[in-house]
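Here is target.txt, consisting of compact mmCIF, C-alpha atoms and all ligand atoms:
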```txt
# COMPACT_ATOMS: atom_id res chain seq x y z
CA MET A 21 28.50 31.36 4.25
CA THR A 22 26.53 32.08 7.41
CA TYR A 23 22.90 33.03 7.17
CA ARG A 24 20.93 35.57 9.18
CA ILE A 25 18.21 32.94 9.34
CA PRO A 26 19.67 29.44 8.95
CA PHE A 27 17.62 26.52 7.72
CA ASN A 28 18.07 24.52 10.92
CA LYS A 29 19.69 25.15 14.29
CA PRO A 30 20.54 22.39 16.79
CA PHE A 31 19.48 23.36 20.31
CA ILE A 32 19.79 22.45 23.97
CA ALA A 33 16.41 21.76 25.57
CA GLY A 34 17.52 21.75 29.23
CA ASN A 35 19.37 18.94 31.00
CA GLU A 36 21.61 17.67 28.18
CA MET A 37 24.98 18.76 29.62
CA ALA A 38 24.09 17.69 33.17
CA TYR A 39 23.04 14.22 31.99
CA ILE A 40 26.17 13.80 29.88
CA ALA A 41 28.25 14.69 32.94
CA GLN A 42 26.30 12.09 34.96
CA ALA A 43 26.95 9.42 32.33
CA VAL A 44 30.68 10.20 32.49
CA GLU A 45 30.66 10.06 36.30
CA ARG A 46 28.87 6.70 36.29
CA GLY A 47 31.71 5.30 34.24
CA GLN A 48 29.65 3.55 31.54
CA LEU A 49 29.90 5.19 28.16
CA SER A 50 29.07 2.17 26.01
CA GLY A 51 25.44 1.46 25.12
CA ASP A 52 22.47 0.06 27.04
CA GLY A 53 23.18 1.77 30.36
CA THR A 54 20.72 3.68 32.55
CA PHE A 55 20.09 6.53 30.12
CA THR A 56 19.40 4.17 27.25
CA HIS A 57 16.91 2.24 29.39
CA GLN A 58 15.19 5.48 30.40
CA CYS A 59 14.91 6.45 26.72
CA HIS A 60 13.40 3.04 25.88
CA ALA A 61 10.85 3.41 28.69
CA TRP A 62 9.97 6.94 27.56
CA LEU A 63 9.33 5.81 24.00
CA GLU A 64 7.34 2.73 25.04
CA GLN A 65 5.11 4.82 27.35
CA ASN A 66 4.67 7.93 25.25
CA LEU A 67 4.12 6.15 21.93
CA THR A 68 2.44 3.05 23.40
CA CYS A 69 4.55 0.39 21.73
CA ARG A 70 5.64 -3.08 22.76
CA MET A 71 9.35 -2.45 22.52
CA ALA A 72 11.61 0.45 21.58
CA LEU A 73 15.35 0.08 20.96
CA LEU A 74 17.69 3.04 20.46
CA THR A 75 19.98 2.85 17.46
CA HIS A 76 22.82 5.10 16.34
CA SER A 77 20.71 6.48 13.46
CA GLY A 78 17.38 6.26 11.70
CA THR A 79 19.27 4.52 8.91
CA ALA A 80 20.40 1.84 11.37
CA ALA A 81 16.79 1.32 12.51
CA LEU A 82 15.77 0.79 8.86
CA GLU A 83 18.62 -1.70 8.36
CA MET A 84 17.52 -3.62 11.45
CA ALA A 85 13.93 -3.62 10.19
CA ALA A 86 15.03 -5.12 6.85
CA MET A 87 16.86 -7.92 8.70
CA LEU A 88 13.91 -8.56 11.02
CA ALA A 89 11.52 -8.84 8.07
CA ASP A 90 13.98 -11.40 6.69
CA ILE A 91 14.29 -9.56 3.38
CA GLN A 92 16.11 -11.78 0.88
CA PRO A 93 17.76 -11.26 -2.53
CA GLY A 94 15.05 -11.00 -5.19
CA ASP A 95 12.36 -9.71 -2.80
CA GLU A 96 10.52 -6.53 -3.74
CA VAL A 97 9.78 -3.67 -1.36
CA ILE A 98 7.22 -0.98 -2.22
CA MET A 99 8.14 2.58 -1.21
CA PRO A 100 7.94 6.16 -2.47
CA SER A 101 10.67 7.55 -4.73
CA PHE A 102 10.26 10.90 -3.02
CA THR A 103 12.23 10.01 0.13
CA PHE A 104 15.69 9.93 1.68
CA VAL A 105 18.14 7.34 0.33
CA SER A 106 18.18 5.29 3.54
CA THR A 107 14.59 4.15 2.97
CA ALA A 108 15.80 2.24 -0.09
CA ASN A 109 19.40 1.44 0.88
CA ALA A 110 18.38 -0.59 3.94
CA PHE A 111 16.58 -3.07 1.66
CA VAL A 112 19.09 -2.97 -1.21
CA LEU A 113 21.76 -4.00 1.32
CA ARG A 114 19.76 -7.24 1.79
CA GLY A 115 19.61 -7.80 -1.99
CA ALA A 116 16.01 -6.64 -2.43
CA MET A 117 14.62 -4.42 -5.17
CA PRO A 118 12.86 -1.17 -4.24
CA VAL A 119 9.68 -0.69 -6.29
CA PHE A 120 8.88 3.02 -6.39
CA VAL A 121 5.31 4.29 -6.30
CA ASP A 122 4.17 7.88 -6.89
CA ILE A 123 3.11 10.27 -4.10
CA ARG A 124 -0.11 12.19 -3.49
CA PRO A 125 0.26 15.88 -4.37
CA ASP A 126 -1.56 16.97 -1.20
CA THR A 127 0.47 15.18 1.49
CA MET A 128 3.57 14.11 -0.51
CA ASN A 129 3.01 10.63 0.93
CA LEU A 130 2.87 7.29 -0.90
CA ASP A 131 -0.35 7.28 -2.94
CA GLU A 132 -2.19 4.38 -1.31
CA THR A 133 -4.38 3.84 -4.39
CA LEU A 134 -1.30 2.96 -6.48
CA ILE A 135 0.16 0.34 -4.15
CA LYS A 136 -2.08 -2.52 -5.26
CA GLY A 137 -0.94 -2.16 -8.87
CA ALA A 138 2.71 -2.48 -7.79
CA ILE A 139 2.25 -5.66 -5.74
CA THR A 140 3.67 -8.85 -7.29
CA PRO A 141 4.24 -12.35 -5.85
CA LYS A 142 7.72 -11.10 -4.87
CA THR A 143 6.46 -8.22 -2.73
CA LYS A 144 7.71 -8.74 0.82
CA ALA A 145 7.15 -5.35 2.45
CA ILE A 146 5.47 -1.96 2.06
CA VAL A 147 7.38 1.02 3.45
CA PRO A 148 5.20 4.10 3.98
CA VAL A 149 7.24 7.25 4.67
CA HIS A 150 5.37 9.80 6.78
CA TYR A 151 6.68 12.87 4.95
CA ALA A 152 6.98 16.00 7.11
CA GLY A 153 5.46 14.01 9.98
CA VAL A 154 2.12 13.83 8.13
CA PRO A 155 0.54 10.37 8.36
CA CYS A 156 0.11 8.10 5.34
CA GLU A 157 -3.31 6.46 4.88
CA MET A 158 -2.41 3.62 7.21
CA ASP A 159 -5.84 1.93 7.30
CA VAL A 160 -5.66 1.30 3.55
CA ILE A 161 -1.99 0.27 3.66
CA LEU A 162 -2.45 -2.12 6.61
CA ASP A 163 -5.45 -3.70 4.92
CA LEU A 164 -3.53 -4.24 1.66
CA ALA A 165 -0.59 -5.71 3.57
CA LYS A 166 -2.85 -8.13 5.40
CA ARG A 167 -4.49 -9.32 2.20
CA HIS A 168 -1.17 -9.77 0.41
CA ASN A 169 0.73 -11.06 3.45
CA THR A 170 3.47 -8.41 3.40
CA TRP A 171 5.25 -6.58 6.19
CA VAL A 172 4.59 -2.92 6.89
CA ILE A 173 7.70 -1.03 7.95
CA GLU A 174 6.98 2.62 8.72
CA ASP A 175 9.72 5.10 7.91
CA ALA A 176 8.67 7.44 10.71
CA ALA A 177 12.07 9.19 10.73
CA GLN A 178 10.35 12.61 10.61
CA ALA A 179 7.25 11.62 12.53
CA LEU A 180 8.02 11.27 16.26
CA LEU A 181 4.81 12.06 18.21
CA SER A 182 2.68 12.59 15.10
CA THR A 183 -0.60 10.68 15.26
CA TYR A 184 -3.02 8.84 12.98
CA HIS A 185 -6.53 8.45 14.46
CA GLY A 186 -4.97 9.06 17.87
CA ARG A 187 -2.19 6.46 17.54
CA ALA A 188 1.51 7.34 17.35
CA LEU A 189 3.17 6.99 13.94
CA GLY A 190 5.73 4.21 13.95
CA THR A 191 3.48 1.99 16.08
CA LEU A 192 0.91 1.07 13.42
CA GLY A 193 2.94 -1.21 11.16
CA ASP A 194 4.99 -4.27 12.16
CA LEU A 195 8.03 -2.09 12.71
CA GLY A 196 8.65 1.67 12.88
CA CYS A 197 11.86 3.63 12.38
CA ILE A 198 12.54 7.00 14.04
CA SER A 199 15.46 9.42 13.57
CA PHE A 200 17.03 11.82 16.07
CA HIS A 201 19.41 13.39 13.54
CA GLU A 202 20.03 17.06 14.32
CA THR A 203 17.71 18.10 11.49
CA LYS A 204 14.73 16.31 13.08
CA ASN A 205 12.41 17.60 15.85
CA ILE A 206 13.98 15.79 18.81
CA ILE A 207 17.72 15.42 18.39
CA SER A 208 20.82 13.67 19.65
CA GLY A 209 23.23 14.65 16.85
CA GLU A 210 23.02 11.27 15.19
CA GLY A 211 20.52 8.80 16.60
CA GLY A 212 17.43 6.74 16.00
CA ALA A 213 15.05 4.14 17.37
CA LEU A 214 13.40 0.97 16.15
CA LEU A 215 9.83 0.45 17.36
CA ILE A 216 8.83 -3.21 17.50
CA ASN A 217 5.10 -3.78 17.40
CA ARG A 218 5.07 -7.59 17.13
CA THR A 219 5.93 -9.80 20.07
CA ASP A 220 7.53 -12.40 17.79
CA CYS A 221 10.27 -9.92 16.78
CA LYS A 222 11.43 -8.77 20.19
CA GLU A 223 14.12 -11.30 20.95
CA ARG A 224 15.54 -11.32 17.42
CA ALA A 225 15.66 -7.50 17.44
CA GLU A 226 17.86 -7.56 20.55
CA ILE A 227 20.16 -10.11 18.90
CA ILE A 228 20.52 -8.22 15.61
CA ARG A 229 21.30 -5.03 17.54
CA GLU A 230 23.99 -6.80 19.61
CA LYS A 231 26.16 -7.99 16.69
CA GLY A 232 24.11 -11.16 16.21
CA THR A 233 24.82 -12.41 19.72
CA ASN A 234 22.51 -13.40 22.56
CA ARG A 235 24.30 -11.02 24.95
CA LYS A 236 20.97 -9.54 26.14
CA ARG A 237 19.65 -12.95 27.22
CA PHE A 238 23.00 -13.71 28.88
CA LEU A 239 22.87 -10.42 30.84
CA ARG A 240 19.32 -11.29 31.96
CA GLY A 241 20.56 -14.70 33.10
CA ASP A 242 18.32 -16.58 30.61
CA VAL A 243 21.28 -18.45 29.07
CA ASP A 244 24.61 -19.38 30.65
CA LYS A 245 26.85 -18.36 27.78
CA TYR A 246 26.93 -15.60 25.27
CA THR A 247 27.57 -16.52 21.66
CA TRP A 248 26.99 -15.74 17.97
CA VAL A 249 23.48 -16.89 17.04
CA ASP A 250 22.29 -14.82 14.02
CA ILE A 251 23.27 -12.06 11.60
CA GLY A 252 23.56 -8.61 13.11
CA SER A 253 25.73 -5.57 13.58
CA SER A 254 26.54 -2.94 16.18
CA TYR A 255 23.52 -0.69 16.33
CA LEU A 256 23.71 0.60 19.93
CA PRO A 257 24.28 4.30 20.52
CA SER A 258 26.65 5.35 23.29
CA GLU A 259 25.29 6.41 26.70
CA LEU A 260 26.43 9.96 25.89
CA THR A 261 23.94 10.03 23.01
CA ALA A 262 21.17 8.55 25.19
CA ALA A 263 21.90 11.10 27.95
CA PHE A 264 21.49 13.97 25.48
CA LEU A 265 18.36 12.41 24.04
CA LEU A 266 16.63 11.88 27.40
CA ALA A 267 16.95 15.62 28.10
CA GLN A 268 15.28 16.32 24.76
CA PHE A 269 12.48 13.83 25.50
CA GLU A 270 11.72 15.73 28.72
CA LYS A 271 10.89 18.80 26.61
CA ALA A 272 9.29 16.98 23.68
CA ASP A 273 5.81 18.47 24.08
CA ALA A 274 7.10 22.04 24.22
CA ILE A 275 9.40 21.47 21.24
CA ILE A 276 6.61 20.09 19.09
CA ARG A 277 4.12 22.75 20.20
CA ARG A 278 6.61 25.47 19.23
CA ARG A 279 7.34 23.96 15.83
CA CYS A 280 3.62 23.68 15.10
CA GLN A 281 3.20 27.38 16.04
CA ILE A 282 5.96 28.36 13.61
CA CYS A 283 4.34 26.29 10.85
CA ASP A 284 0.93 27.81 11.58
CA ARG A 285 2.44 31.30 11.41
CA TYR A 286 3.88 30.52 7.96
CA GLY A 287 0.49 29.16 6.90
CA GLN A 288 -1.32 32.34 7.91
CA GLY A 289 1.34 34.69 6.56
CA LEU A 290 1.48 33.00 3.15
CA GLN A 291 -2.28 32.42 2.63
CA ASP A 292 -2.54 35.32 0.19
CA LEU A 293 -0.21 33.52 -2.24
CA VAL A 294 -2.58 30.53 -2.22
CA ARG A 295 -5.55 32.79 -2.95
CA ARG A 296 -3.61 34.22 -5.89
CA ASN A 297 -2.86 30.64 -7.11
CA LEU A 298 0.89 31.26 -6.94
CA VAL A 299 1.88 28.47 -4.54
CA THR A 300 0.42 25.52 -2.68
CA LEU A 301 1.01 25.06 1.04
CA PRO A 302 0.88 22.04 3.36
CA PHE A 303 -2.13 21.18 5.53
CA SER A 304 -1.90 22.63 9.04
CA SER A 305 -0.77 20.30 11.83
CA SER A 306 -4.22 20.40 13.45
CA GLU A 307 -5.71 19.05 10.20
CA THR A 308 -3.31 16.12 9.93
CA GLY A 309 -1.98 15.25 13.41
CA SER A 310 1.56 16.10 12.30
CA ASN A 311 4.35 17.22 14.60
CA GLY A 312 5.40 20.46 12.90
CA HIS A 313 8.49 18.84 11.45
CA MET A 314 8.61 20.79 8.22
CA TYR A 315 7.19 23.75 6.38
CA TYR A 316 7.41 24.02 2.63
CA LEU A 317 5.76 25.62 -0.35
CA VAL A 318 5.31 24.34 -3.88
CA THR A 319 5.92 26.84 -6.67
CA ARG A 320 4.55 26.73 -10.21
CA SER A 321 7.85 25.82 -11.90
CA SER A 322 11.39 24.80 -11.02
CA GLU A 323 12.70 28.11 -12.46
CA GLU A 324 10.46 30.00 -10.07
CA ARG A 325 11.52 27.77 -7.17
CA ASN A 326 15.21 28.37 -7.88
CA ALA A 327 14.68 32.11 -8.27
CA LEU A 328 12.82 32.21 -4.93
CA MET A 329 15.63 30.32 -3.18
CA ALA A 330 18.22 32.70 -4.65
CA HIS A 331 16.12 35.71 -3.56
CA LEU A 332 15.93 34.36 0.00
CA ARG A 333 19.66 33.64 0.04
CA GLN A 334 20.34 37.26 -0.90
CA GLN A 335 18.33 38.28 2.16
CA GLY A 336 20.44 35.97 4.35
CA ILE A 337 17.77 33.27 4.59
CA LEU A 338 18.60 29.65 3.81
CA ALA A 339 15.77 27.68 2.20
CA VAL A 340 16.51 24.26 0.72
CA PHE A 341 14.94 21.67 -1.54
CA HIS A 342 14.86 17.87 -1.69
CA TYR A 343 14.71 15.06 -2.77
CA VAL A 344 16.37 14.01 -6.01
CA PRO A 345 13.76 11.30 -6.68
CA LEU A 346 15.29 7.89 -6.04
CA HIS A 347 13.98 6.46 -9.32
CA SER A 348 16.03 9.01 -11.28
CA SER A 349 19.21 8.70 -9.17
CA PRO A 350 22.10 6.54 -10.43
CA ALA A 351 21.74 3.94 -7.64
CA GLY A 352 17.95 3.98 -7.85
CA GLN A 353 18.17 3.11 -11.54
CA ARG A 354 20.67 0.34 -10.86
CA TYR A 355 18.89 -1.27 -7.89
CA GLY A 356 15.24 -0.31 -8.19
CA ARG A 357 12.37 0.05 -10.61
CA THR A 358 9.20 2.09 -10.83
CA GLY A 359 5.83 0.55 -9.98
CA SER A 360 3.71 3.46 -11.28
CA ALA A 361 4.01 6.68 -13.25
CA MET A 362 6.05 9.30 -11.36
CA THR A 363 4.09 12.42 -12.31
CA HIS A 364 3.76 14.01 -8.87
CA THR A 365 7.16 12.85 -7.64
CA ASP A 366 8.87 14.55 -10.60
CA HIS A 367 6.82 17.75 -10.28
CA ILE A 368 7.15 18.09 -6.51
CA SER A 369 10.88 17.45 -6.43
CA ALA A 370 11.31 20.22 -9.02
CA CYS A 371 9.03 22.77 -7.32
CA LEU A 372 9.16 22.19 -3.55
CA VAL A 373 11.15 24.53 -1.29
CA ARG A 374 11.57 23.98 2.46
CA LEU A 375 11.54 27.00 4.74
CA PRO A 376 13.57 27.42 7.96
CA VAL A 377 11.94 25.81 11.02
CA TYR A 378 13.82 25.37 14.31
CA TYR A 379 12.84 25.32 17.97
CA GLU A 380 14.47 28.66 18.82
CA MET A 381 13.14 30.48 15.76
CA THR A 382 11.40 33.69 16.86
CA ASP A 383 8.13 35.07 15.51
CA SER A 384 10.12 37.99 14.14
CA GLU A 385 12.43 35.63 12.22
CA THR A 386 9.43 33.76 10.84
CA ASP A 387 7.87 37.08 9.79
CA GLN A 388 11.09 38.10 8.03
CA VAL A 389 10.97 34.92 5.95
CA ILE A 390 7.28 35.50 5.15
CA GLU A 391 7.94 39.13 4.16
CA SER A 392 10.82 38.12 1.90
CA ILE A 393 8.62 35.60 0.13
CA LEU A 394 5.75 38.07 -0.26
CA LYS A 395 8.21 40.60 -1.64
CA PHE A 396 9.45 38.07 -4.21
CA TYR A 397 5.89 37.60 -5.43
CA SER A 398 5.03 41.33 -5.37
CA ASN A 399 7.50 42.08 -8.19
CA PRO A 400 5.66 41.55 -11.47
C1 LIG B 501 16.25 11.51 8.31
C2 LIG B 501 15.62 10.43 7.55
C3 LIG B 501 16.15 9.13 7.52
C4 LIG B 501 17.49 8.76 8.08
O1 LIG B 501 17.73 9.06 9.42
P1 LIG B 501 19.23 9.23 9.94
O2 LIG B 501 19.04 9.30 11.43
O3 LIG B 501 19.78 10.47 9.34
O4 LIG B 501 19.99 8.02 9.55
C5 LIG B 501 15.44 8.13 6.86
N1 LIG B 501 14.28 8.40 6.24
C6 LIG B 501 13.75 9.64 6.23
C7 LIG B 501 12.45 9.87 5.54
C8 LIG B 501 14.41 10.70 6.88
O5 LIG B 501 13.88 11.93 6.83
```

Is it possible to give me this structure as structure tokens?
Amino acid sequence: MTYRIPFNKPFIAGNEMAYIAQAVERGQLSGDGTFTHQCHAWLEQNLTCRMALLTHSGTAALEMAAMLADIQPGDEVIMPSFTFVSTANAFVLRGAMPVFVDIRPDTMNLDETLIKGAITPKTKAIVPVHYAGVPCEMDVILDLAKRHNTWVIEDAAQALLSTYHGRALGTLGDLGCISFHETKNIISGEGGALLINRTDCKERAEIIREKGTNRKRFLRGDVDKYTWVDIGSSYLPSELTAAFLLAQFEKADAIIRRRCQICDRYGQGLQDLVRRNLVTLPFSSSETGSNGHMYYLVTRSSEERNALMAHLRQQGILAVFHYVPLHSSPAGQRYGRTGSAMTHTDHISACLVRLPVYYEMTDSETDQVIESILKFYSNP
């Protein structure tokens, strides 16, 4: 079924096709060519981080982070249950146990006041997920991590160019993971990046990303042969992906500004429903430093949420929900455990509905979604 207003629409920002053609002409399609290096430099400058490495997905960046933190079987990793499966899978692949903590009902982020109660002697890492690009309470989380000697790995998949007290998300913890999947703000189809904020991880990160070999050091002339030195896998994206991504980076400010405008328009248009206590809405991007990644509303019940989604679908508008909480999923029950009550996680996953947001969405399209929602709530 095609929708008059889809949920998401991949877009060309400007130079994508020209850069892909250049990559083909240069004759290097495998990873770590000129375009990849330009993407690394862009991330390091614009986010202010020590080292950025492109990966073929946000999931791959999370897997690399789990290896870098030396996660071992039996270790515990604290994370929200209200997140995408990759947050947990990356650590389960290393034999660790995800310990799920509830979210705050205002930001949908890990409730920082519940983390302490979930820490045990086995806790090796805390993984804050910046939901919708809205920052977690990083000061509290970083302080807890310091006192309990754990890693902080930010799942900043949705949070490129969001800020917390003026600093880019993904650069506050030890490691940060970004996604460029076509549903995110800045896209390359599939794609991601690992941000490395500790000098003592830089060399090992290059090795893990290059199949566990010291190829990077060999290419720099630091060692005279190239060999297998550690665990690792193939995490490099192709130059075609990097070429596409660089063109998106060039328009990043405009893309994020536009998405924030769309979110603000939803916020204004739906305010009346908040006054009537029918729904709750997210904070505006100017209140949180978020990047306009997502707009959602929370209904009073799951029946109402499902009826609203069906109503929008009838009008040709695709609205979606997520996540099936990890603690209630089959794999989450097998591999993880809860570290707190899950009151808000259960409620939000039953009542949250995401509205269409994409770079090329017009004001008129946004208004049509708003009107359809208002109409739904005008019928007694
Ligand atoms: C998108 C997303 C990921 C995974 O990124 P991919 O690039 O699709 O692998 C991980 N965590 C969160 C919170 C995400 O939204």

Identify, counting only C-alpha atoms and all ligand atoms, the protein, DNA and RNA residues located within 7 Å of ligand LIG 501 (chain B), and give them as a PyMOL selection string.
-> chain A and resi 77-80+103-104+106-107+149+151+175-178+199-201+204+210-212

Those same residues, written as a tab-separated table (two decimals), in the coordinates of the input with C-alpha atoms?
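Generated file (selection.tsv):
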```tsv
chain	number	residue	atom	x	y	z
A	77	SER	CA	20.71	6.48	13.46
A	78	GLY	CA	17.38	6.26	11.70
A	79	THR	CA	19.27	4.52	8.91
A	80	ALA	CA	20.40	1.84	11.37
A	103	THR	CA	12.23	10.01	0.13
A	104	PHE	CA	15.69	9.93	1.68
A	106	SER	CA	18.18	5.29	3.54
A	107	THR	CA	14.59	4.15	2.97
A	149	VAL	CA	7.24	7.25	4.67
A	151	TYR	CA	6.68	12.87	4.95
A	175	ASP	CA	9.72	5.10	7.91
A	176	ALA	CA	8.67	7.44	10.71
A	177	ALA	CA	12.07	9.19	10.73
A	178	GLN	CA	10.35	12.61	10.61
A	199	SER	CA	15.46	9.42	13.57
A	200	PHE	CA	17.03	11.82	16.07
A	201	HIS	CA	19.41	13.39	13.54
A	204	LYS	CA	14.73	16.31	13.08
A	210	GLU	CA	23.02	11.27	15.19
A	211	GLY	CA	20.52	8.80	16.60
A	212	GLY	CA	17.43	6.74	16.00
```

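Distances here use all atoms listed in the file; by that measure, the residue among A:Arg124, A:Lys231, A:Lys395, A:Arg320 closest to A:Ala361 is A:Arg124.
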
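In this structure, atom CA of A:Arg187 sits 22.4 Å away from atom CA of A:Pro100.
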
Stretch 256-369 of chain A near stretch 50-60 of chain A within 12 Å: what's each residue's closest atom pair and its distance in Å to one decimal, counting all atoms listed in the file, ordered by chain then ascending residue number, as a tab-separated table?
```
residue	atom	partner	partner_atom	distance
A:Leu256	CA	A:Gly51	CA	5.5
A:Pro257	CA	A:Gly51	CA	5.5
A:Ser258	CA	A:Gly51	CA	4.5
A:Glu259	CA	A:Gly51	CA	5.2
A:Leu260	CA	A:Ser50	CA	8.2
A:Thr261	CA	A:Thr56	CA	8.5
A:Ala262	CA	A:Thr56	CA	5.2
A:Ala263	CA	A:Phe55	CA	5.4
A:Phe264	CA	A:Phe55	CA	8.9
A:Leu265	CA	A:Cys59	CA	7.4
A:Leu266	CA	A:Cys59	CA	5.7
A:Ala267	CA	A:Cys59	CA	9.5
A:Gln268	CA	A:Cys59	CA	10.1
A:Phe269	CA	A:Cys59	CA	7.9
A:Glu270	CA	A:Cys59	CA	10.0
```

Pull C-alpha atoms from the residues just selected and write them as a PDB file, keeping the file's coordinate frame.
```pdb
ATOM      1  CA  LEU A 256      23.710   0.600  19.930  1.00  0.00           C
ATOM      2  CA  PRO A 257      24.280   4.300  20.520  1.00  0.00           C
ATOM      3  CA  SER A 258      26.650   5.350  23.290  1.00  0.00           C
ATOM      4  CA  GLU A 259      25.290   6.410  26.700  1.00  0.00           C
ATOM      5  CA  LEU A 260      26.430   9.960  25.890  1.00  0.00           C
ATOM      6  CA  THR A 261      23.940  10.030  23.010  1.00  0.00           C
ATOM      7  CA  ALA A 262      21.170   8.550  25.190  1.00  0.00           C
ATOM      8  CA  ALA A 263      21.900  11.100  27.950  1.00  0.00           C
ATOM      9  CA  PHE A 264      21.490  13.970  25.480  1.00  0.00           C
ATOM     10  CA  LEU A 265      18.360  12.410  24.040  1.00  0.00           C
ATOM     11  CA  LEU A 266      16.630  11.880  27.400  1.00  0.00           C
ATOM     12  CA  ALA A 267      16.950  15.620  28.100  1.00  0.00           C
ATOM     13  CA  GLN A 268      15.280  16.320  24.760  1.00  0.00           C
ATOM     14  CA  PHE A 269      12.480  13.830  25.500  1.00  0.00           C
ATOM     15  CA  GLU A 270      11.720  15.730  28.720  1.00  0.00           C
TER      16      GLU A 270
END
```

Within 8 Å of A:Arg218, counting only C-alpha atoms, which residues show up once you throw out same-chain ones fewer than 3 positions away? Write them as a VMD selection string, please.
-> chain A and resid 70 194 to 195 221 to 222

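From atom CA of A:Ser253 back to atom CA of A:Phe102, the distance works out to 28.0 Å.
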
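Atom CA of A:Leu214 sits 19.8 Å away from atom CA of A:Ile161.
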
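Comparing the minimum interatomic distances between A:Gly232 and each of A:Ile390, A:Met87, A:Gly336, A:Gly193, counting only C-alpha atoms, we find that A:Met87 sits nearest.
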
6 Å per side around stretch 126-144 of chain A: axis-aligned box centre and edge lengths, as lines of an AutoDock Vina configuration file:
```
center_x = 1.7
center_y = 2.3
center_z = -3.7
size_x = 24.1
size_y = 41.3
size_z = 22.4
```

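Restricting the calculation to all atoms listed in the file, the smallest distance between A:Ser384 and any of A:Ile368, A:Val121, A:Ala339, A:Ile282 is found for A:Ile282.
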